[in-house]
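Encoded as structure tokens, the structure appears first; notes follow it.
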Amino acid sequence: QVQLVESGGGKVQPGGSLRLSCAASGSIVSYTMLWYRQALGKQRELVAFITSGGYTNYADSVKGRFTISRDNAKNTVDLLMNNLRPEDTAVYFCNAHLTNMDYWGKGTLLTVSS
């Protein structure tokens, strides 16, 4: 079992940048790692993922602004977010996926507001 802890959330002004981190309690080398977000009153949506081989993919709404990366040696996954918009405001969740296993963190809140 893998425990995930997100960090790095906070309040940032529109146009600003922030880096979220997800720390795993064990090895993530075989896992696809994903970032989801859930805004108030909305369904959880996939933001970005990175496979064990390093392939990345992004939601259209964040493409060109967000970058996901992983460090298997440190068991961490980061989400670098640039040019933030008010609509990026949400709780961001880290997910580790492998076949029929899914592990979730408790989330970290990002607020984009002036």
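Every chain in the structure tokens has a letter given in the order shown (A, B, ...), and although residue numbers restart at 1 in each chain, ligands are simply numbered from 1 in the order shown.
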Inset, instruction - Identify, on the basis of only C-alpha atoms, every residue whose closest approach to Asn72 (chain A) does not exceed 10 Å; exclude the query and any residue fewer than 4 positions from it along the same chain; express the result as a list in words. - result: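 So the residues in contact are Ala24, Gly26, Ser27, Ile28, Val29, Ser30, Tyr31, Ser52, Thr76 and Val77 of chain A.
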Could you give me, as a Markdown table, a per-residue list for region 56-89 of chain A showing, wherever an atom lies at most 6 Å from an atom of region 6-23 of chain A, the closest pair of atoms and their distance in Å to one decimal, using only C-alpha atoms and sorting by chain then residue number from low to high?
| residue | atom | partner | partner_atom | distance |
| --- | --- | --- | --- | --- |
| A:Thr76 | CA | A:Ala23 | CA | 4.6 |
| A:Val77 | CA | A:Cys22 | CA | 5.1 |
| A:Asp78 | CA | A:Ser21 | CA | 4.4 |
| A:Leu79 | CA | A:Leu20 | CA | 5.0 |
| A:Leu80 | CA | A:Arg19 | CA | 4.4 |
| A:Met81 | CA | A:Leu18 | CA | 5.3 |
| A:Asn82 | CA | A:Ser17 | CA | 4.4 |
| A:Asn83 | CA | A:Gly15 | CA | 4.1 |
| A:Leu84 | CA | A:Gly15 | CA | 4.8 |
| A:Arg85 | CA | A:Pro14 | CA | 5.0 |
Store the residues picked out above in a file with N, CA and C atoms, as a PDB file, in the first residue's frame.
ATOM      1  N   THR A  76       8.579  11.057  -5.446  1.00  0.00           N
ATOM      2  CA  THR A  76       7.777  12.280  -5.483  1.00  0.00           C
ATOM      3  C   THR A  76       7.289  12.566  -6.895  1.00  0.00           C
ATOM      4  N   VAL A  77       6.191  13.277  -6.956  1.00  0.00           N
ATOM      5  CA  VAL A  77       5.631  13.761  -8.210  1.00  0.00           C
ATOM      6  C   VAL A  77       5.274  15.222  -8.007  1.00  0.00           C
ATOM      7  N   ASP A  78       5.682  16.060  -8.918  1.00  0.00           N
ATOM      8  CA  ASP A  78       5.418  17.488  -8.819  1.00  0.00           C
ATOM      9  C   ASP A  78       4.485  17.946  -9.937  1.00  0.00           C
ATOM     10  N   LEU A  79       3.797  19.021  -9.644  1.00  0.00           N
ATOM     11  CA  LEU A  79       2.985  19.680 -10.661  1.00  0.00           C
ATOM     12  C   LEU A  79       3.349  21.161 -10.625  1.00  0.00           C
ATOM     13  N   LEU A  80       4.060  21.605 -11.652  1.00  0.00           N
ATOM     14  CA  LEU A  80       4.434  23.008 -11.763  1.00  0.00           C
ATOM     15  C   LEU A  80       3.346  23.724 -12.535  1.00  0.00           C
ATOM     16  N   MET A  81       2.805  24.765 -11.928  1.00  0.00           N
ATOM     17  CA  MET A  81       1.667  25.466 -12.524  1.00  0.00           C
ATOM     18  C   MET A  81       2.040  26.923 -12.770  1.00  0.00           C
ATOM     19  N   ASN A  82       1.968  27.327 -14.011  1.00  0.00           N
ATOM     20  CA  ASN A  82       2.281  28.696 -14.404  1.00  0.00           C
ATOM     21  C   ASN A  82       1.038  29.392 -14.946  1.00  0.00           C
ATOM     22  N   ASN A  83       1.108  30.713 -14.985  1.00  0.00           N
ATOM     23  CA  ASN A  83       0.014  31.512 -15.544  1.00  0.00           C
ATOM     24  C   ASN A  83      -1.341  31.084 -14.971  1.00  0.00           C
ATOM     25  N   LEU A  84      -1.398  31.024 -13.671  1.00  0.00           N
ATOM     26  CA  LEU A  84      -2.600  30.525 -13.009  1.00  0.00           C
ATOM     27  C   LEU A  84      -3.774  31.456 -13.209  1.00  0.00           C
ATOM     28  N   ARG A  85      -4.939  30.824 -13.273  1.00  0.00           N
ATOM     29  CA  ARG A  85      -6.192  31.540 -13.502  1.00  0.00           C
ATOM     30  C   ARG A  85      -7.147  31.284 -12.346  1.00  0.00           C
TER      31      ARG A  85
END
Could you give me, as an mmCIF file with all heavy atoms, in the first residue's frame, the residues within 12 Å of Met101 (chain A), counting only C-alpha atoms and dropping anything in the same chain fewer than 4 positions from it?
data_model
loop_
_atom_site.group_PDB
_atom_site.id
_atom_site.type_symbol
_atom_site.label_atom_id
_atom_site.label_comp_id
_atom_site.auth_asym_id
_atom_site.auth_seq_id
_atom_site.Cartn_x
_atom_site.Cartn_y
_atom_site.Cartn_z
ATOM 1 N N GLN A 1 0.836 -1.179 0.000
ATOM 2 C CA GLN A 1 0.000 0.000 0.000
ATOM 3 C C GLN A 1 0.883 1.245 0.000
ATOM 4 O O GLN A 1 1.943 1.266 0.621
ATOM 5 C CB GLN A 1 -0.896 0.013 1.235
ATOM 6 C CG GLN A 1 -1.961 1.085 1.196
ATOM 7 C CD GLN A 1 -3.016 0.884 2.264
ATOM 8 O OE1 GLN A 1 -2.989 -0.117 2.977
ATOM 9 N NE2 GLN A 1 -3.943 1.802 2.360
ATOM 10 N N VAL A 2 0.425 2.267 -0.725
ATOM 11 C CA VAL A 2 1.181 3.511 -0.839
ATOM 12 C C VAL A 2 0.369 4.636 -0.223
ATOM 13 O O VAL A 2 -0.806 4.811 -0.550
ATOM 14 C CB VAL A 2 1.484 3.830 -2.316
ATOM 15 C CG1 VAL A 2 2.185 5.176 -2.437
ATOM 16 C CG2 VAL A 2 2.336 2.723 -2.928
ATOM 17 N N SER A 30 6.696 1.860 -10.498
ATOM 18 C CA SER A 30 5.825 1.123 -11.421
ATOM 19 C C SER A 30 4.487 1.792 -11.652
ATOM 20 O O SER A 30 3.708 1.338 -12.501
ATOM 21 C CB SER A 30 5.582 -0.293 -10.884
ATOM 22 O OG SER A 30 6.792 -1.011 -10.780
ATOM 23 N N TYR A 31 4.209 2.844 -10.918
ATOM 24 C CA TYR A 31 2.892 3.466 -10.955
ATOM 25 C C TYR A 31 2.792 4.569 -11.999
ATOM 26 O O TYR A 31 3.762 5.300 -12.243
ATOM 27 C CB TYR A 31 2.546 4.083 -9.602
ATOM 28 C CG TYR A 31 2.257 3.086 -8.513
ATOM 29 C CD1 TYR A 31 3.295 2.492 -7.796
ATOM 30 C CD2 TYR A 31 0.951 2.740 -8.196
ATOM 31 C CE1 TYR A 31 3.029 1.577 -6.792
ATOM 32 C CE2 TYR A 31 0.675 1.835 -7.191
ATOM 33 C CZ TYR A 31 1.718 1.257 -6.498
ATOM 34 O OH TYR A 31 1.445 0.339 -5.498
ATOM 35 N N THR A 32 1.616 4.678 -12.585
ATOM 36 C CA THR A 32 1.252 5.911 -13.263
ATOM 37 C C THR A 32 0.787 6.876 -12.178
ATOM 38 O O THR A 32 -0.014 6.515 -11.317
ATOM 39 C CB THR A 32 0.124 5.674 -14.280
ATOM 40 O OG1 THR A 32 0.628 4.887 -15.359
ATOM 41 C CG2 THR A 32 -0.385 6.995 -14.841
ATOM 42 N N MET A 33 1.325 8.079 -12.226
ATOM 43 C CA MET A 33 1.009 9.077 -11.214
ATOM 44 C C MET A 33 0.161 10.170 -11.849
ATOM 45 O O MET A 33 0.463 10.657 -12.949
ATOM 46 C CB MET A 33 2.280 9.669 -10.627
ATOM 47 C CG MET A 33 3.184 8.638 -9.959
ATOM 48 S SD MET A 33 2.395 7.780 -8.587
ATOM 49 C CE MET A 33 2.105 9.143 -7.445
ATOM 50 N N ASN A 95 -2.754 10.936 -7.193
ATOM 51 C CA ASN A 95 -3.249 9.560 -7.323
ATOM 52 C C ASN A 95 -2.144 8.688 -7.886
ATOM 53 O O ASN A 95 -1.445 9.074 -8.823
ATOM 54 C CB ASN A 95 -4.469 9.547 -8.246
ATOM 55 C CG ASN A 95 -4.918 8.153 -8.627
ATOM 56 O OD1 ASN A 95 -4.609 7.666 -9.714
ATOM 57 N ND2 ASN A 95 -5.630 7.499 -7.732
ATOM 58 N N ALA A 96 -2.010 7.496 -7.314
ATOM 59 C CA ALA A 96 -1.079 6.493 -7.832
ATOM 60 C C ALA A 96 -1.905 5.331 -8.359
ATOM 61 O O ALA A 96 -2.742 4.773 -7.644
ATOM 62 C CB ALA A 96 -0.140 6.028 -6.736
ATOM 63 N N HIS A 97 -1.676 4.987 -9.614
ATOM 64 C CA HIS A 97 -2.486 3.956 -10.258
ATOM 65 C C HIS A 97 -1.608 2.837 -10.821
ATOM 66 O O HIS A 97 -0.604 3.093 -11.496
ATOM 67 C CB HIS A 97 -3.297 4.570 -11.396
ATOM 68 C CG HIS A 97 -4.069 3.567 -12.184
ATOM 69 N ND1 HIS A 97 -5.238 2.996 -11.732
ATOM 70 C CD2 HIS A 97 -3.802 2.987 -13.383
ATOM 71 C CE1 HIS A 97 -5.669 2.125 -12.633
ATOM 72 N NE2 HIS A 97 -4.825 2.105 -13.639
#
Inset, instruction - Quote the spacing between CA of Val91 (chain A) and CA of Leu40 (chain A) in Å to one decimal place. - result: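 It comes out at 8.3 Å.
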Inset, instruction - Between A:Gly54, A:Gly105, A:Asp60, A:Asp88, single out the one closest to Ser25 (chain A), counting only C-alpha atoms. - result: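 Looking at the shortest contact to Ser25 (chain A), the residue is A:Gly105.
Computed from the coordinates, the CA of Tyr92 (chain A) to CA of Arg37 (chain A) distance equals 4.2 Å.
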Where in chain A does DSSP assign strand (DSSP E), given as a compact mmCIF listing (two decimals) with C-alpha atoms, in the first residue's frame?
# COMPACT_ATOMS: atom_id res chain seq x y z
CA LEU A 4 0.38 9.91 -0.61
CA VAL A 5 0.75 13.36 0.90
CA GLU A 6 0.27 16.51 -1.16
CA SER A 7 1.84 19.84 -0.30
CA GLY A 10 -1.94 28.14 -1.06
CA LYS A 11 -3.20 31.42 -2.40
CA VAL A 12 -1.68 32.99 -5.48
CA LEU A 18 3.05 27.49 -7.84
CA ARG A 19 4.51 24.03 -7.50
CA LEU A 20 2.57 21.20 -5.90
CA SER A 21 4.36 18.13 -4.60
CA CYS A 22 3.17 14.64 -3.83
CA ALA A 23 5.29 12.47 -1.56
CA ALA A 24 4.76 8.72 -1.50
CA THR A 32 1.25 5.91 -13.26
CA MET A 33 1.01 9.08 -11.21
CA LEU A 34 -1.86 11.48 -11.71
CA TRP A 35 -3.01 14.85 -10.48
CA TYR A 36 -6.73 15.52 -10.21
CA ARG A 37 -8.58 18.57 -9.00
CA GLN A 38 -12.02 19.28 -7.67
CA GLU A 45 -11.34 16.11 -13.04
CA LEU A 46 -8.05 14.77 -14.32
CA VAL A 47 -5.41 17.47 -14.68
CA ALA A 48 -2.30 15.57 -15.77
CA PHE A 49 -0.60 12.22 -15.57
CA ILE A 50 2.84 10.71 -16.04
CA THR A 56 2.85 12.79 -19.93
CA ASN A 57 -0.59 14.04 -20.84
CA TYR A 58 -2.62 17.07 -19.80
CA PHE A 66 1.19 23.01 -16.19
CA THR A 67 4.07 20.53 -16.14
CA ILE A 68 4.05 17.21 -14.34
CA SER A 69 7.29 15.49 -13.38
CA ARG A 70 8.40 12.60 -11.23
CA ASP A 71 11.47 11.64 -9.25
CA THR A 76 7.78 12.28 -5.48
CA VAL A 77 5.63 13.76 -8.21
CA ASP A 78 5.42 17.49 -8.82
CA LEU A 79 2.98 19.68 -10.66
CA LEU A 80 4.43 23.01 -11.76
CA MET A 81 1.67 25.47 -12.52
CA ALA A 90 -9.61 23.75 -6.52
CA VAL A 91 -8.42 21.05 -4.19
CA TYR A 92 -5.67 19.14 -5.97
CA PHE A 93 -5.29 15.41 -5.36
CA CYS A 94 -2.43 13.06 -6.11
CA ASN A 95 -3.25 9.56 -7.32
CA ALA A 96 -1.08 6.49 -7.83
CA HIS A 97 -2.49 3.96 -10.26
CA LEU A 98 -1.34 0.44 -11.08
CA MET A 101 -4.97 -0.43 -7.53
CA ASP A 102 -5.55 3.22 -6.79
CA TYR A 103 -4.18 5.26 -3.93
CA TRP A 104 -5.17 8.82 -3.11
CA THR A 108 -4.10 20.41 -1.09
CA LEU A 109 -6.06 23.60 -1.73
CA LEU A 110 -5.07 26.09 -4.40
CA THR A 111 -6.79 29.44 -4.48
CA VAL A 112 -6.15 31.81 -7.38
Legend entry - Atom pair CA of Ala59 (chain A) / CA of Glu87 (chain A): separation (Å):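 Spanning CA of Ala59 (chain A) to CA of Glu87 (chain A) is a straight-line distance of 13.5 Å.
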